[in-house]
Amino acid sequence: MIQNDQLKHIFAKALLTRLFEARLIKLTAEGFLPPLLHPGAGQEVAQIAALSALNDDDPLLYSHRGVGYMVARGTSLSAMIADMAGRAGGTNNGKGGIMHVVDVPNAVYGESGTLGGGLVLSVGMGMALKRRRSDQVVIHFFGDGASNRGTFHEALNWAAVQKLPCIYVCENNGWAVSVPTSVSTAVENIADRAAGYGIPGEVVDGADPNAVMAAISDAARRARAGEGPSLIEIKAIRLLGHYAADPQDYRADAATVKERDPLVTLRQRVIDLGLLSEAEIDAMTADYEAQVEQAVETVKAAPLIDADQAFADLYA
């Protein structure tokens, strides 16, 4: 059972994520940032609940939907904005954008340059941890679209054969860009594919932090015990478009999906449990907005990166 302090923590981080991402979208509309953000609105609660079930030094790889992963791990807000803006101070020196935040001190290892490519990278990381007899586990988030890539099957097969300490988390929001899962995927549940690799597969409600934490905790226990990987499918909600400026003309539920917003549900839950009052949430919101604005101002005052930086950090 999830503890009250954990629930409060998940709500706080999800709220900060929502506010931060909304500001990024506004900066995109203003032309300060390129329109490369893939919003994670609607999926923050599940993302942060999942990471709350792990240790802070458990390696994290992610797909490109949202910033909740990095907010959960404590990555600097200004560093993330700088990455997007091509300015000094970013985690990748302004060269990778928001999709390639790599914050090693907080065990954030980014994603591959190709969607789905990170799945095999997580296998390599799992092999390294196993060889070192580490107690750490790798968690890799990806979407339902990536689950149809060949790398998904290659990664899960080898992770299962080698009993690697990996947790594969599919955030199934029902959309791969503008293609609904129902017309691109033969199975109803991505987690059903786990049976093909002889590993546990579980479906959980992304609006229920209890369920998400329980599933990830169990998968982590198995991984740390040398019992191999798990596949967790989170039934998620994508509130916004594929990218920041997506008009979503292809989507009939764009207006009504907001009624299922998990953050709104969690907000009411923490109030009903007496964990936070309306006034405390208002004060928290104001504090977070101030933190975000300070981060924006920090980045606006930072210089654009030098052209020479394009050739830095190259190893081959």
# chains A, B, ... in the order shown; residues from 1 in each chain; ligands from 1
>>> select_by_dssp(residues="segment 13-153 of chain A", states="strand (DSSP E)", output="VMD selection string")
chain A and resid 60 to 61 138 to 143
>>> write_last_selection(atoms="N, CA and C atoms", output="short mmCIF file (atom, residue, chain, number, x, y, z; two decimals), in the first residue's frame")
data_model
loop_
_atom_site.label_atom_id
_atom_site.label_comp_id
_atom_site.auth_asym_id
_atom_site.auth_seq_id
_atom_site.Cartn_x
_atom_site.Cartn_y
_atom_site.Cartn_z
N LEU A 60 18.15 5.08 -15.59
CA LEU A 60 16.89 5.42 -16.26
C LEU A 60 17.15 5.74 -17.73
N LEU A 61 16.44 5.06 -18.60
CA LEU A 61 16.39 5.44 -20.01
C LEU A 61 14.92 5.70 -20.34
N VAL A 138 17.87 -1.51 -14.22
CA VAL A 138 17.63 -0.54 -15.30
C VAL A 138 16.14 -0.43 -15.53
N ILE A 139 15.64 0.79 -15.63
CA ILE A 139 14.24 0.99 -16.02
C ILE A 139 14.23 1.75 -17.34
N HIS A 140 13.45 1.22 -18.28
CA HIS A 140 13.37 1.85 -19.60
C HIS A 140 11.90 2.11 -19.94
N PHE A 141 11.57 3.38 -20.15
CA PHE A 141 10.22 3.78 -20.56
C PHE A 141 10.18 3.91 -22.09
N PHE A 142 9.09 3.46 -22.68
CA PHE A 142 8.91 3.62 -24.12
C PHE A 142 7.40 3.59 -24.41
N GLY A 143 7.04 3.91 -25.64
CA GLY A 143 5.63 3.97 -25.98
C GLY A 143 5.14 2.75 -26.74
#
>>> residues_around(residues="segment 285-301 of chain A", least_positions_apart="5", cutoff="12 Å", atoms="only C-alpha atoms", output="PyMOL selection string")
chain A and resi 11-24+26-27+32-33+71+75-90+94+267+278-280
>>> closest_residue(among="A:Met70, A:Leu273, A:Met284, A:Met127", to="Val161 of chain A", atoms="only C-alpha atoms")
A:Met127
>>> select_by_dssp(residues="segment 127-237 of chain A", states="helix (DSSP H, G or I)", output="ChimeraX atom specification")
/A:127-131,146-148,150-161,181-183,190-197,209-224
>>> residues_around(residues="Val101 of chain A", least_positions_apart="6", cutoff="7 Å", atoms="only C-alpha atoms", output="PyMOL selection string")
chain A and resi 80+91-92+110
>>> write_last_selection(atoms="C-alpha atoms", output="mmCIF file, in the first residue's frame")
data_model
loop_
_atom_site.group_PDB
_atom_site.id
_atom_site.type_symbol
_atom_site.label_atom_id
_atom_site.label_comp_id
_atom_site.auth_asym_id
_atom_site.auth_seq_id
_atom_site.Cartn_x
_atom_site.Cartn_y
_atom_site.Cartn_z
ATOM 1 C CA MET A 80 16.725 21.140 -19.560
ATOM 2 C CA THR A 91 23.112 18.611 -19.726
ATOM 3 C CA ASN A 92 24.144 17.952 -23.325
ATOM 4 C CA GLY A 110 18.710 9.591 -22.111
#
>>> closest_atom_pairs(of="segment 202-236 of chain A", to="segment 46-54 of chain A", cutoff="6 Å", atoms="only C-alpha atoms", output="CSV")
residue,atom,partner,partner_atom,distance
A:Gly206,CA,A:Ala46,CA,5.0
A:Pro209,CA,A:Ala49,CA,5.4
A:Val212,CA,A:Ala50,CA,5.8
A:Met213,CA,A:Ala50,CA,5.3
A:Ile216,CA,A:Ala50,CA,6.0
A:Ser217,CA,A:Ala53,CA,5.4
>>> atom_distance(atom1="atom CA of Leu129 of chain A", atom2="atom CA of Tyr62 of chain A")
18.0 Å
>>> atom_distance(atom1="atom CA of Asn173 of chain A", atom2="atom CA of Gly42 of chain A")
9.2 Å
>>> residues_around(residues="Arg224 of chain A", least_positions_apart="3", cutoff="9 Å", atoms="only C-alpha atoms", output="PyMOL selection string")
chain A and resi 134-137+165+219-221+227-228
>>> atom_distance(atom1="atom CA of Val270 of chain A", atom2="atom CA of Asn4 of chain A")
8.4 Å
>>> closest_residue(among="A:Leu240, A:Leu304, A:Leu119, A:Ile271", to="Val169 of chain A", atoms="only C-alpha atoms")
A:Leu119
>>> residues_around(residues="Leu36 of chain A", least_positions_apart="3", cutoff="9 Å", atoms="only C-alpha atoms", output="list in words")
Thr28, Leu33, Met84, Gly97, Ile98, Met99, Tyr243, Ala244 and Ala245 of chain A
>>> closest_residue(among="A:Gly40, A:Pro200, A:Gly116, A:Gly74", to="Ile237 of chain A", atoms="only C-alpha atoms")
A:Gly40
>>> closest_residue(among="A:Lys95, A:Arg269, A:Lys235, A:His38", to="Gly68 of chain A", atoms="only C-alpha atoms")
A:His38
>>> closest_residue(among="A:Met1, A:Glu171, A:Val179, A:Pro59", to="Tyr250 of chain A", atoms="only C-alpha atoms")
A:Val179
>>> closest_residue(among="A:Asp144, A:Arg238, A:Glu202, A:Glu111", to="Ala186 of chain A", atoms="only C-alpha atoms")
A:Asp144
>>> residues_around(residues="Leu121 of chain A", least_positions_apart="2", cutoff="9 Å", atoms="only C-alpha atoms", output="PDB file with N, CA and C atoms, in the first residue's frame")
ATOM      1  N   LEU A  61      16.442   5.062 -18.600  1.00  0.00           N
ATOM      2  CA  LEU A  61      16.386   5.439 -20.015  1.00  0.00           C
ATOM      3  C   LEU A  61      14.925   5.700 -20.340  1.00  0.00           C
ATOM      4  N   GLU A 111      18.132   8.703 -24.252  1.00  0.00           N
ATOM      5  CA  GLU A 111      17.552   7.756 -25.186  1.00  0.00           C
ATOM      6  C   GLU A 111      18.420   7.667 -26.425  1.00  0.00           C
ATOM      7  N   SER A 112      18.104   6.726 -27.264  1.00  0.00           N
ATOM      8  CA  SER A 112      18.837   6.552 -28.512  1.00  0.00           C
ATOM      9  C   SER A 112      18.433   7.646 -29.502  1.00  0.00           C
ATOM     10  N   GLY A 117      15.520   2.537 -30.294  1.00  0.00           N
ATOM     11  CA  GLY A 117      16.919   2.133 -30.202  1.00  0.00           C
ATOM     12  C   GLY A 117      17.394   2.003 -28.766  1.00  0.00           C
ATOM     13  N   GLY A 118      16.764   2.753 -27.883  1.00  0.00           N
ATOM     14  CA  GLY A 118      17.161   2.706 -26.479  1.00  0.00           C
ATOM     15  C   GLY A 118      16.889   1.363 -25.823  1.00  0.00           C
ATOM     16  N   LEU A 119      15.986   0.596 -26.411  1.00  0.00           N
ATOM     17  CA  LEU A 119      15.667  -0.712 -25.828  1.00  0.00           C
ATOM     18  C   LEU A 119      16.903  -1.612 -25.798  1.00  0.00           C
ATOM     19  N   VAL A 123      19.563  -3.090 -22.640  1.00  0.00           N
ATOM     20  CA  VAL A 123      20.066  -4.462 -22.516  1.00  0.00           C
ATOM     21  C   VAL A 123      21.570  -4.438 -22.223  1.00  0.00           C
ATOM     22  N   GLY A 124      22.281  -3.613 -22.962  1.00  0.00           N
ATOM     23  CA  GLY A 124      23.724  -3.501 -22.711  1.00  0.00           C
ATOM     24  C   GLY A 124      24.016  -3.008 -21.308  1.00  0.00           C
ATOM     25  N   MET A 125      23.222  -2.074 -20.854  1.00  0.00           N
ATOM     26  CA  MET A 125      23.415  -1.574 -19.495  1.00  0.00           C
ATOM     27  C   MET A 125      23.088  -2.667 -18.477  1.00  0.00           C
ATOM     28  N   GLY A 126      22.056  -3.438 -18.752  1.00  0.00           N
ATOM     29  CA  GLY A 126      21.712  -4.547 -17.864  1.00  0.00           C
ATOM     30  C   GLY A 126      22.810  -5.590 -17.808  1.00  0.00           C
ATOM     31  N   ALA A 155      15.475  -6.891 -27.755  1.00  0.00           N
ATOM     32  CA  ALA A 155      15.873  -6.527 -26.389  1.00  0.00           C
ATOM     33  C   ALA A 155      15.238  -7.451 -25.357  1.00  0.00           C
TER      34      ALA A 155
END
